[in-house]
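One file, model-v7.tsv, carrying TSV, C-alpha atoms:
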```
chain	number	residue	atom	x	y	z
V	1	MET	CA	-24.28	15.47	-51.95
V	2	ASN	CA	-26.77	18.24	-51.14
V	3	ALA	CA	-25.44	20.59	-48.43
V	4	THR	CA	-28.68	20.52	-46.45
V	5	LEU	CA	-28.73	16.71	-46.50
V	6	LEU	CA	-25.15	16.70	-45.26
V	7	GLY	CA	-26.14	19.03	-42.46
V	8	VAL	CA	-28.97	16.73	-41.39
V	9	LEU	CA	-26.61	13.74	-41.48
V	10	TYR	CA	-24.04	15.53	-39.33
V	11	PHE	CA	-26.71	16.57	-36.82
V	12	ALA	CA	-27.88	12.96	-36.59
V	13	ALA	CA	-24.32	11.71	-36.04
V	14	ALA	CA	-23.71	14.49	-33.50
V	15	THR	CA	-26.80	13.40	-31.56
V	16	HIS	CA	-25.55	9.81	-31.62
V	17	ALA	CA	-22.13	10.95	-30.38
V	18	VAL	CA	-23.74	12.92	-27.54
V	19	MET	CA	-25.68	9.81	-26.49
V	20	ILE	CA	-22.50	7.72	-26.49
V	21	THR	CA	-20.73	10.41	-24.46
V	22	LEU	CA	-23.51	10.55	-21.86
V	23	VAL	CA	-23.69	6.76	-21.59
V	24	LEU	CA	-19.93	6.50	-21.13
V	25	ALA	CA	-19.92	9.24	-18.50
V	26	HIS	CA	-22.81	7.58	-16.65
V	27	LYS	CA	-21.44	4.02	-16.83
V	28	THR	CA	-18.01	5.08	-15.57
V	29	GLY	CA	-19.21	7.42	-12.86
V	30	GLY	CA	-17.47	10.35	-14.49
V	31	ARG	CA	-13.98	9.07	-13.74
V	32	GLY	CA	-11.29	6.69	-14.90
V	33	PRO	CA	-10.41	5.77	-18.49
V	34	GLY	CA	-14.07	5.73	-19.46
V	35	LEU	CA	-14.19	9.48	-18.83
V	36	LEU	CA	-11.28	9.95	-21.23
V	37	LEU	CA	-13.17	8.06	-23.92
V	38	ALA	CA	-16.21	10.22	-23.19
V	39	VAL	CA	-14.05	13.31	-23.78
V	40	ILE	CA	-13.03	11.90	-27.18
V	41	THR	CA	-16.60	11.20	-28.28
V	42	GLY	CA	-17.67	14.56	-26.87
V	43	MET	CA	-15.15	16.39	-29.03
V	44	MET	CA	-16.29	14.44	-32.07
V	45	ALA	CA	-19.89	15.31	-31.19
V	46	TYR	CA	-19.00	19.00	-31.19
V	47	LYS	CA	-17.23	18.80	-34.55
V	48	LEU	CA	-20.21	17.00	-36.08
V	49	PHE	CA	-22.56	19.59	-34.59
V	50	GLU	CA	-20.35	22.28	-36.08
V	51	GLY	CA	-20.55	20.55	-39.46
V	52	GLY	CA	-24.34	20.34	-39.18
V	53	MET	CA	-24.57	24.05	-38.43
V	54	MET	CA	-22.33	24.89	-41.39
V	55	TYR	CA	-23.87	22.70	-44.06
V	56	ALA	CA	-27.47	23.19	-42.98
V	57	GLY	CA	-26.94	26.94	-43.21
V	58	PHE	CA	-27.54	27.67	-39.51
V	59	TYR	CA	-24.11	29.14	-38.81
V	60	ALA	CA	-25.36	32.68	-39.42
V	61	SER	CA	-27.86	32.38	-36.56
V	62	ALA	CA	-25.37	31.22	-33.92
V	63	PRO	CA	-21.83	31.96	-35.18
V	64	HIS	CA	-20.30	32.02	-31.70
V	65	LEU	CA	-21.13	28.34	-31.21
V	66	LEU	CA	-18.67	27.45	-33.97
V	67	ASP	CA	-14.89	27.17	-34.17
V	68	LEU	CA	-14.46	26.76	-30.41
V	69	LEU	CA	-12.04	23.81	-30.83
V	70	PRO	CA	-9.38	24.85	-33.34
V	71	GLY	CA	-6.68	22.18	-33.55
V	72	MET	CA	-8.93	19.57	-31.92
V	73	VAL	CA	-6.56	16.74	-32.83
V	74	LEU	CA	-3.92	18.30	-30.57
V	75	ILE	CA	-6.23	17.36	-27.71
V	76	LEU	CA	-7.46	14.12	-29.26
V	77	GLY	CA	-3.98	12.58	-29.49
V	78	PRO	CA	-2.92	12.99	-25.84
V	79	VAL	CA	-6.37	12.07	-24.52
V	80	PHE	CA	-6.58	8.87	-26.60
V	81	TYR	CA	-3.06	7.85	-25.56
V	82	ALA	CA	-3.94	8.54	-21.91
V	83	TYR	CA	-7.05	6.37	-22.34
V	84	VAL	CA	-5.01	3.48	-23.74
V	85	ARG	CA	-2.44	3.84	-20.95
V	86	ARG	CA	-5.12	3.71	-18.26
V	87	MET	CA	-6.81	0.69	-19.86
V	88	THR	CA	-3.49	-1.15	-19.87
V	89	GLY	CA	-2.78	-0.59	-16.19
V	90	HIS	CA	-0.73	2.61	-16.08
V	91	ALA	CA	-1.25	5.27	-13.45
V	92	PRO	CA	-3.15	8.47	-14.32
V	93	TYR	CA	-1.15	11.41	-15.61
V	94	PRO	CA	-0.18	14.01	-13.02
V	95	VAL	CA	-1.52	17.50	-13.65
V	96	TRP	CA	1.85	18.86	-14.80
V	97	LEU	CA	2.19	16.17	-17.48
V	98	TRP	CA	-1.29	16.94	-18.79
V	99	ALA	CA	-0.29	20.60	-18.96
V	100	VAL	CA	2.84	19.78	-20.98
V	101	GLN	CA	1.03	17.52	-23.46
V	102	LEU	CA	-1.82	19.97	-23.99
V	103	LEU	CA	0.49	22.94	-24.39
V	104	PRO	CA	0.43	22.75	-28.25
V	105	ALA	CA	-3.39	22.73	-28.18
V	106	ALA	CA	-3.41	25.77	-25.90
V	107	ALA	CA	-0.92	27.57	-28.17
V	108	VAL	CA	-3.05	26.91	-31.26
V	109	TRP	CA	-6.21	28.06	-29.49
V	110	LEU	CA	-4.54	31.28	-28.35
V	111	SER	CA	-3.20	31.94	-31.85
V	112	ASN	CA	-6.73	31.46	-33.23
V	113	ALA	CA	-8.40	33.46	-30.45
V	114	PRO	CA	-8.85	36.57	-32.64
V	115	LEU	CA	-10.86	34.44	-35.10
V	116	VAL	CA	-12.70	32.55	-32.38
V	117	LEU	CA	-13.71	35.73	-30.57
V	118	GLN	CA	-14.25	38.00	-33.56
V	119	PRO	CA	-17.60	39.79	-34.02
V	120	ALA	CA	-20.53	37.69	-35.25
V	121	ALA	CA	-20.72	39.45	-38.63
V	122	ASP	CA	-17.04	38.82	-39.32
V	123	LYS	CA	-17.39	35.20	-38.29
V	124	VAL	CA	-20.35	34.68	-40.62
V	125	ALA	CA	-18.37	36.26	-43.46
V	126	MET	CA	-15.48	33.90	-42.74
V	127	TRP	CA	-17.75	30.84	-42.97
V	128	ASP	CA	-19.35	32.23	-46.13
V	129	THR	CA	-15.89	32.34	-47.70
V	130	ILE	CA	-14.99	28.83	-46.56
V	131	LEU	CA	-18.22	27.35	-47.89
V	132	ALA	CA	-18.17	29.29	-51.17
V	133	PRO	CA	-17.47	27.18	-54.29
V	134	GLY	CA	-14.03	27.49	-55.83
V	135	SER	CA	-10.49	26.32	-55.26
V	136	GLU	CA	-8.65	28.07	-52.41
V	137	THR	CA	-4.89	27.97	-51.96
V	138	LEU	CA	-3.57	28.65	-48.47
V	139	PRO	CA	-0.19	30.20	-47.63
V	140	GLY	CA	2.65	27.69	-47.33
V	141	ALA	CA	3.16	28.44	-43.62
V	142	ILE	CA	-0.46	27.54	-42.85
V	143	ILE	CA	-0.22	24.32	-44.88
V	144	LEU	CA	2.89	23.26	-42.97
V	145	ARG	CA	1.25	24.06	-39.64
V	146	LEU	CA	-1.85	22.03	-40.47
V	147	VAL	CA	0.19	19.04	-41.62
V	148	ALA	CA	2.37	19.30	-38.48
V	149	ILE	CA	-0.77	19.16	-36.34
V	150	LYS	CA	-1.80	15.92	-38.06
V	151	LEU	CA	1.69	14.47	-37.56
V	152	PHE	CA	1.39	15.31	-33.86
V	153	LEU	CA	-1.72	13.14	-33.67
V	154	LEU	CA	-0.04	10.42	-35.74
V	155	ALA	CA	2.76	10.13	-33.17
V	156	TYR	CA	0.26	9.51	-30.36
V	157	LEU	CA	-1.72	7.01	-32.42
V	158	ILE	CA	1.44	5.03	-33.21
V	159	LEU	CA	2.38	4.95	-29.52
V	160	SER	CA	-1.14	3.81	-28.66
V	161	TRP	CA	-1.12	1.10	-31.33
V	162	ARG	CA	2.23	-0.29	-30.15
V	163	MET	CA	1.02	-0.43	-26.55
V	164	LEU	CA	-2.22	-2.18	-27.52
V	165	SER	CA	-0.38	-4.67	-29.75
V	166	SER	CA	2.01	-5.64	-26.97
V	167	TYR	CA	-0.88	-6.42	-24.63
V	168	ALA	CA	-3.01	-8.13	-27.27
V	169	ALA	CA	-0.29	-10.77	-27.61
V	170	ARG	CA	-0.35	-11.50	-23.86
V	171	ILE	CA	-3.93	-10.96	-22.74
V	172	ASP	CA	-4.91	-14.66	-22.84
V	173	THR	CA	-2.31	-15.43	-20.20
V	174	LEU	CA	-3.88	-12.94	-17.79
V	175	ARG	CA	-7.65	-12.83	-18.23
V	176	ALA	CA	-10.64	-14.95	-19.25
V	177	ASP	CA	-13.20	-12.17	-19.71
V	178	ASP	CA	-14.01	-9.62	-22.42
V	179	SER	CA	-10.53	-8.13	-22.46
V	180	ARG	CA	-9.74	-9.45	-25.92
V	181	SER	CA	-12.87	-7.78	-27.30
V	182	LEU	CA	-12.03	-4.56	-25.51
V	183	LEU	CA	-8.53	-4.54	-26.95
V	184	SER	CA	-9.97	-5.22	-30.38
V	185	GLN	CA	-12.32	-2.26	-30.01
V	186	MET	CA	-9.51	0.03	-28.91
V	187	ARG	CA	-7.39	-1.05	-31.85
V	188	PHE	CA	-10.37	-0.42	-34.13
V	189	LEU	CA	-10.69	3.09	-32.74
V	190	ALA	CA	-6.95	3.73	-33.18
V	191	ILE	CA	-7.08	2.57	-36.81
V	192	SER	CA	-10.23	4.62	-37.43
V	193	LEU	CA	-8.67	7.80	-36.07
V	194	LEU	CA	-5.54	7.16	-38.12
V	195	ALA	CA	-7.62	6.63	-41.27
V	196	LEU	CA	-9.69	9.72	-40.46
V	197	GLU	CA	-6.64	11.97	-40.41
V	198	ALA	CA	-5.04	10.20	-43.40
V	199	VAL	CA	-8.16	10.97	-45.45
V	200	TRP	CA	-7.95	14.62	-44.49
V	201	VAL	CA	-4.21	14.91	-45.27
V	202	VAL	CA	-4.52	13.22	-48.67
V	203	LEU	CA	-7.54	15.28	-49.73
V	204	PHE	CA	-6.10	18.49	-48.33
V	205	LEU	CA	-2.74	18.11	-50.07
V	206	ALA	CA	-4.48	17.12	-53.32
V	207	GLN	CA	-6.65	20.22	-53.08
V	208	GLN	CA	-3.78	22.54	-52.25
V	209	GLY	CA	-1.22	21.02	-54.60
V	210	PHE	CA	-3.36	20.12	-57.59
V	211	GLY	CA	-6.55	22.12	-57.13
V	212	LEU	CA	-8.69	18.99	-56.77
V	213	GLY	CA	-11.95	20.02	-55.13
V	214	THR	CA	-12.41	22.68	-52.49
V	215	LEU	CA	-11.60	23.11	-48.81
V	216	SER	CA	-15.30	22.68	-48.11
V	217	GLN	CA	-15.25	19.27	-49.80
V	218	VAL	CA	-12.18	18.25	-47.79
V	219	SER	CA	-14.01	19.22	-44.60
V	220	SER	CA	-17.14	17.41	-45.73
V	221	ALA	CA	-15.28	14.15	-46.42
V	222	TRP	CA	-13.53	14.38	-43.04
V	223	LEU	CA	-16.83	14.86	-41.22
V	224	LEU	CA	-18.48	12.01	-43.13
V	225	PHE	CA	-15.68	9.70	-42.05
V	226	MET	CA	-16.06	10.89	-38.46
V	227	ALA	CA	-19.80	10.26	-38.61
V	228	ALA	CA	-19.09	6.70	-39.80
V	229	ILE	CA	-16.73	6.15	-36.84
V	230	ILE	CA	-19.33	7.36	-34.35
V	231	LEU	CA	-22.08	5.22	-35.86
V	232	THR	CA	-19.79	2.17	-35.84
V	233	MET	CA	-18.81	2.79	-32.22
V	234	GLY	CA	-22.47	2.88	-31.31
V	235	TYR	CA	-23.09	-0.38	-33.17
V	236	ARG	CA	-20.11	-2.21	-31.67
V	237	GLY	CA	-20.46	-0.75	-28.18
V	238	MET	CA	-17.56	-0.26	-25.80
V	239	GLN	CA	-18.68	-2.91	-23.25
V	240	ASP	CA	-16.62	-1.69	-20.28
V	241	ALA	CA	-14.69	1.45	-21.07
V	242	ASN	CA	-13.57	1.99	-17.48
V	243	PHE	CA	-11.52	-1.12	-16.73
V	244	LEU	CA	-9.12	-3.55	-18.30
V	245	LEU	CA	-5.73	-4.45	-16.88
V	246	THR	CA	-4.57	-3.78	-13.34
V	247	PRO	CA	-1.05	-2.50	-12.52
V	248	GLU	CA	-0.09	-6.01	-11.37
V	249	GLU	CA	-1.32	-7.52	-14.62
V	250	ARG	CA	0.62	-4.87	-16.53
V	251	SER	CA	3.74	-5.95	-14.65
V	252	LEU	CA	3.07	-9.58	-15.56
V	253	ALA	CA	2.46	-8.69	-19.20
V	254	GLU	CA	5.78	-6.86	-19.41
V	255	THR	CA	7.86	-9.78	-18.14
V	256	PRO	CA	9.35	-12.56	-20.30
V	257	GLN	CA	7.16	-15.15	-18.53
V	258	THR	CA	4.08	-13.84	-20.27
V	259	THR	CA	5.40	-13.59	-23.79
V	260	PRO	CA	3.19	-14.87	-26.64
V	261	ALA	CA	2.29	-18.55	-26.54
V	262	SER	CA	3.91	-19.09	-29.94
V	263	ILE	CA	7.33	-19.01	-28.27
V	264	ASP	CA	8.59	-22.45	-27.34
V	265	THR	CA	7.82	-22.95	-23.64
V	266	LYS	CA	10.98	-25.05	-23.21
V	267	VAL	CA	13.04	-22.05	-24.25
V	268	LYS	CA	10.81	-19.66	-22.37
V	269	TYR	CA	11.35	-21.41	-19.04
V	270	LEU	CA	14.82	-22.84	-19.75
V	271	HIS	CA	16.33	-21.18	-16.68
V	272	SER	CA	13.33	-21.78	-14.41
V	273	ALA	CA	14.10	-23.11	-10.95
V	274	LEU	CA	10.68	-24.79	-10.66
V	275	PRO	CA	11.08	-28.60	-10.82
V	276	ASP	CA	8.49	-30.86	-12.46
V	277	SER	CA	7.37	-32.28	-9.11
V	278	ALA	CA	6.56	-28.80	-7.80
V	279	SER	CA	4.83	-27.93	-11.09
V	280	GLN	CA	2.63	-31.00	-10.78
V	281	GLU	CA	1.65	-30.11	-7.21
V	282	ILE	CA	0.82	-26.53	-8.19
V	283	ALA	CA	-1.16	-27.71	-11.22
V	284	GLU	CA	-3.21	-29.95	-8.93
V	285	LEU	CA	-3.79	-26.99	-6.60
V	286	ILE	CA	-5.04	-24.92	-9.54
V	287	GLU	CA	-7.38	-27.68	-10.75
V	288	THR	CA	-8.66	-28.33	-7.22
V	289	ARG	CA	-9.31	-24.66	-6.59
V	290	LEU	CA	-11.24	-24.25	-9.83
V	291	ARG	CA	-13.16	-27.52	-9.45
V	292	GLU	CA	-14.13	-27.29	-5.76
V	293	HIS	CA	-14.50	-23.54	-5.25
V	294	GLN	CA	-15.76	-22.80	-8.77
V	295	ASP	CA	-13.77	-19.57	-9.01
V	296	TYR	CA	-14.45	-19.63	-12.75
V	297	LEU	CA	-18.05	-18.57	-12.12
V	298	ASP	CA	-16.74	-15.10	-11.31
V	299	GLU	CA	-16.83	-13.24	-14.64
V	300	ARG	CA	-14.09	-10.91	-13.36
V	301	LEU	CA	-11.69	-13.71	-12.42
V	302	THR	CA	-8.11	-12.88	-13.40
V	303	LEU	CA	-4.78	-14.62	-13.06
V	304	THR	CA	-3.83	-12.36	-10.15
V	305	GLN	CA	-7.11	-13.10	-8.35
V	306	LEU	CA	-6.77	-16.85	-8.82
V	307	SER	CA	-3.17	-16.68	-7.61
V	308	ALA	CA	-4.26	-14.80	-4.48
V	309	ASN	CA	-6.98	-17.39	-3.85
V	310	ILE	CA	-4.41	-20.20	-4.06
V	311	GLY	CA	-1.87	-18.21	-2.04
V	312	MET	CA	0.95	-18.20	-4.59
V	313	LYS	CA	2.66	-15.64	-6.79
V	314	SER	CA	1.07	-14.83	-10.12
V	315	HIS	CA	4.34	-15.45	-11.96
V	316	THR	CA	4.46	-18.99	-10.60
V	317	ILE	CA	0.84	-19.76	-11.46
V	318	SER	CA	1.33	-18.33	-14.95
V	319	GLN	CA	4.44	-20.43	-15.47
V	320	VAL	CA	2.73	-23.66	-14.42
V	321	ILE	CA	-0.35	-23.04	-16.58
V	322	ASN	CA	1.76	-22.25	-19.65
V	323	GLN	CA	4.63	-24.68	-19.19
V	324	TYR	CA	3.34	-27.69	-17.28
V	325	MET	CA	-0.36	-27.63	-18.15
V	326	GLY	CA	0.26	-26.62	-21.78
V	327	SER	CA	-2.50	-24.04	-21.78
V	328	ASN	CA	-3.11	-20.39	-20.95
V	329	PHE	CA	-5.34	-18.72	-18.40
V	330	TYR	CA	-8.08	-17.89	-20.92
V	331	LYS	CA	-8.39	-21.46	-22.22
V	332	LEU	CA	-8.11	-23.02	-18.78
V	333	VAL	CA	-10.83	-20.96	-17.10
V	334	ASN	CA	-13.18	-20.95	-20.08
V	335	GLY	CA	-12.80	-24.70	-20.34
V	336	TYR	CA	-14.39	-25.00	-16.89
V	337	ARG	CA	-17.05	-22.46	-17.84
V	338	ILE	CA	-17.97	-24.37	-21.00
V	339	GLN	CA	-18.22	-27.65	-19.08
V	340	HIS	CA	-20.47	-25.94	-16.54
V	341	ALA	CA	-22.65	-24.64	-19.37
V	342	VAL	CA	-22.81	-28.09	-20.99
V	343	ASP	CA	-23.94	-29.60	-17.68
V	344	LEU	CA	-26.71	-27.00	-17.43
V	345	ILE	CA	-27.83	-27.65	-21.01
V	346	ASP	CA	-27.76	-31.43	-20.51
V	347	ASP	CA	-29.70	-31.24	-17.22
V	348	ALA	CA	-33.22	-32.39	-18.12
V	349	LYS	CA	-34.61	-30.61	-15.05
V	350	GLN	CA	-33.28	-27.28	-16.22
V	351	HIS	CA	-34.96	-25.22	-18.92
V	352	LEU	CA	-32.84	-22.10	-18.75
V	353	PRO	CA	-32.46	-19.80	-21.75
V	354	LEU	CA	-28.93	-19.66	-23.16
V	355	GLU	CA	-28.49	-16.05	-22.00
V	356	ARG	CA	-29.09	-17.22	-18.42
V	357	ILE	CA	-26.77	-20.20	-18.88
V	358	ALA	CA	-24.02	-17.87	-20.11
V	359	ILE	CA	-24.29	-15.74	-16.96
V	360	GLU	CA	-24.60	-18.76	-14.68
V	361	SER	CA	-21.44	-20.23	-16.21
V	362	GLY	CA	-19.27	-17.16	-15.55
V	363	PHE	CA	-19.53	-15.35	-18.88
V	364	SER	CA	-20.36	-11.65	-18.87
V	365	ASN	CA	-22.54	-11.82	-22.00
V	366	ARG	CA	-23.93	-14.11	-24.68
V	367	VAL	CA	-21.44	-12.99	-27.35
V	368	THR	CA	-18.40	-14.01	-25.31
V	369	PHE	CA	-20.14	-17.25	-24.36
V	370	ASN	CA	-20.88	-18.14	-27.99
V	371	LYS	CA	-17.30	-17.47	-29.09
V	372	ALA	CA	-15.76	-19.55	-26.31
V	373	PHE	CA	-18.27	-22.38	-26.77
V	374	LYS	CA	-17.70	-22.61	-30.51
V	375	ALA	CA	-13.91	-22.47	-30.07
V	376	SER	CA	-14.11	-25.34	-27.56
V	377	LEU	CA	-16.74	-27.64	-29.11
V	378	ASP	CA	-16.78	-26.46	-32.72
V	379	MET	CA	-20.47	-25.62	-32.49
V	380	THR	CA	-22.60	-22.89	-30.98
V	381	PRO	CA	-24.59	-23.38	-27.75
V	382	SER	CA	-27.80	-23.34	-29.80
V	383	GLU	CA	-26.50	-26.11	-32.07
V	384	TYR	CA	-25.36	-28.16	-29.07
V	385	ARG	CA	-28.75	-27.82	-27.39
V	386	ALA	CA	-30.57	-28.83	-30.59
V	387	ARG	CA	-28.39	-31.96	-30.96
V	388	ALA	CA	-28.82	-32.83	-27.29
V	389	ARG	CA	-32.61	-32.64	-27.63
V	390	GLN	CA	-32.57	-34.79	-30.78
V	391	ALA	CA	-30.43	-37.39	-29.04
V	392	SER	CA	-32.84	-37.58	-26.12
```
Here is the file; what I need is its structure written in the form of structure tokens.
Amino acid sequence: MNATLLGVLYFAAATHAVMITLVLAHKTGGRGPGLLLAVITGMMAYKLFEGGMMYAGFYASAPHLLDLLPGMVLILGPVFYAYVRRMTGHAPYPVWLWAVQLLPAAAVWLSNAPLVLQPAADKVAMWDTILAPGSETLPGAIILRLVAIKLFLLAYLILSWRMLSSYAARIDTLRADDSRSLLSQMRFLAISLLALEAVWVVLFLAQQGFGLGTLSQVSSAWLLFMAAIILTMGYRGMQDANFLLTPEERSLAETPQTTPASIDTKVKYLHSALPDSASQEIAELIETRLREHQDYLDERLTLTQLSANIGMKSHTISQVINQYMGSNFYKLVNGYRIQHAVDLIDDAKQHLPLERIAIESGFSNRVTFNKAFKASLDMTPSEYRARARQAS
């Protein structure tokens, strides 16, 4: 691909990444896990800007704007893991722990400081060499260091993936909002970052070991992949990057009582001291609370909130919903929401658009509403409304 065209593409992706970063920072008030995600997209924006400057041939005019983040993935790994931890209910890192985890990044930056801070003419000459055609072979020590940096990121991505997977299996027992979509988006980002670095490692080792291509082509492929990630993130959106599980929900998710629904509930609660008569009474309390107080209309309703409204422990409510009622929190609450939506659609006096019905029924957006509606009635809200009108 033409170098100038690549430069334009990288500038466009960098602009997109900057927009995502600013939106995330604004939506989250510059704090919380959303800020960590903004840091990630901000670093990617800088690398794409750097790529645009290089391939569009502008690096000679502003060389000191480039190479300011050597070893970026040494920051990316800890920040992404911290983001996943915060989203799954863990406390923020203390300052000393941040210092320890970012120590490798600081060491790499200091070791590269002579190159980062070298005179403009020398920096331009360095980039001229990197971008020149030909096959370059680096010293073995540098190759090992670069691969070690990628392995450092891999370790954090694996830890993040394991944490997300453990919560994905339990989220339906805790929440009835967009949490499943948020977890899916975080897992997508983890896989994308893993694939991004895998592409670089494979191409880099092929270039160094077998002379396939050039270092410039390795860098170009890496940046193209990063641009694709940024564009996809913009398309998918991050919905609510500042909130997911609370510490109490994390505690519930880490206990045997909230293990995946595929486990036999008879085995799961074999040693429970809750008799059937008490379970029936609590189930009736849950149904009464949802029916009379319409707690399900709160799009942020969680198991812990419902439990507090009823005045019982979350573990007990979770046990009754899963064991005695044969359901989970997500299905139970969304069942009430879907019935509420059906009543609004069937009401001849109402002529509300489906987006309004979704909000009125306790859903945070139309997408979540459509998914829950189709899962419950095997048709979309639009299809249901069309059939209801034909029947009348």
Can you pull out every residue within 10 Å of stretch 100-116 of chain V, counting all atoms listed in the file, but drop anything in the same chain fewer than 5 positions away, and send it as a PyMOL selection string?
chain V and resi 63-79+95+122-123+126+145+149+152
Would you please work out which residue, of V:Ile20, V:Leu183, V:Ala176, V:Ile338, is nearest to V:Ser160 when using only C-alpha atoms?
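Ranking V:Ile20, V:Leu183, V:Ala176, V:Ile338 by distance to V:Ser160, first place goes to V:Leu183.
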Quick one: everything within 7 Å of V:Tyr296, counting all atoms listed in the file, minus sequence neighbours fewer than 4 positions away in the same chain. Send it as a list in words.
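Returned residues: Leu290, Leu301, Val333, Tyr336, Arg337 and Gly362 of chain V.
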d(atom CA of V:Ala253, atom CA of V:Arg175) in Å
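Between atom CA of V:Ala253 and atom CA of V:Arg175 the gap is 11.0 Å.
Checking V:Thr288, V:Thr88, V:Thr129, V:Asn370 one by one against V:Met186, counting only C-alpha atoms, you find the shortest gap at V:Thr88.
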Within 7 Å of stretch 21-28 of chain V, counting only C-alpha atoms, which residues show up once you throw out same-chain ones fewer than 6 positions away? Write them as a VMD selection string, please.
chain V and resid 34 to 35 38 41 to 42 242
Work out how far atom CA of V:Trp222 is from atom CA of V:Ala141, in Å to one decimal.
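Separation of atom CA of V:Ala141 and atom CA of V:Trp222: 21.8 Å.
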Distance in Å - atom CA of V:Met43 versus atom CA of V:Leu205:
24.5 Å
Using all atoms listed in the file, which residue out of V:Thr173, V:Ser165, V:Thr214, V:Thr15 lies closest to V:Leu138?
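When distances to V:Leu138 are compared using all atoms listed in the file, the smallest one comes from V:Thr214.
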Residue neighbourhood V:Arg385, 9 Å, only C-alpha atoms, exclusion window fewer than 5 positions, as a PyMOL selection string
chain V and resi 342+345-346+380+390
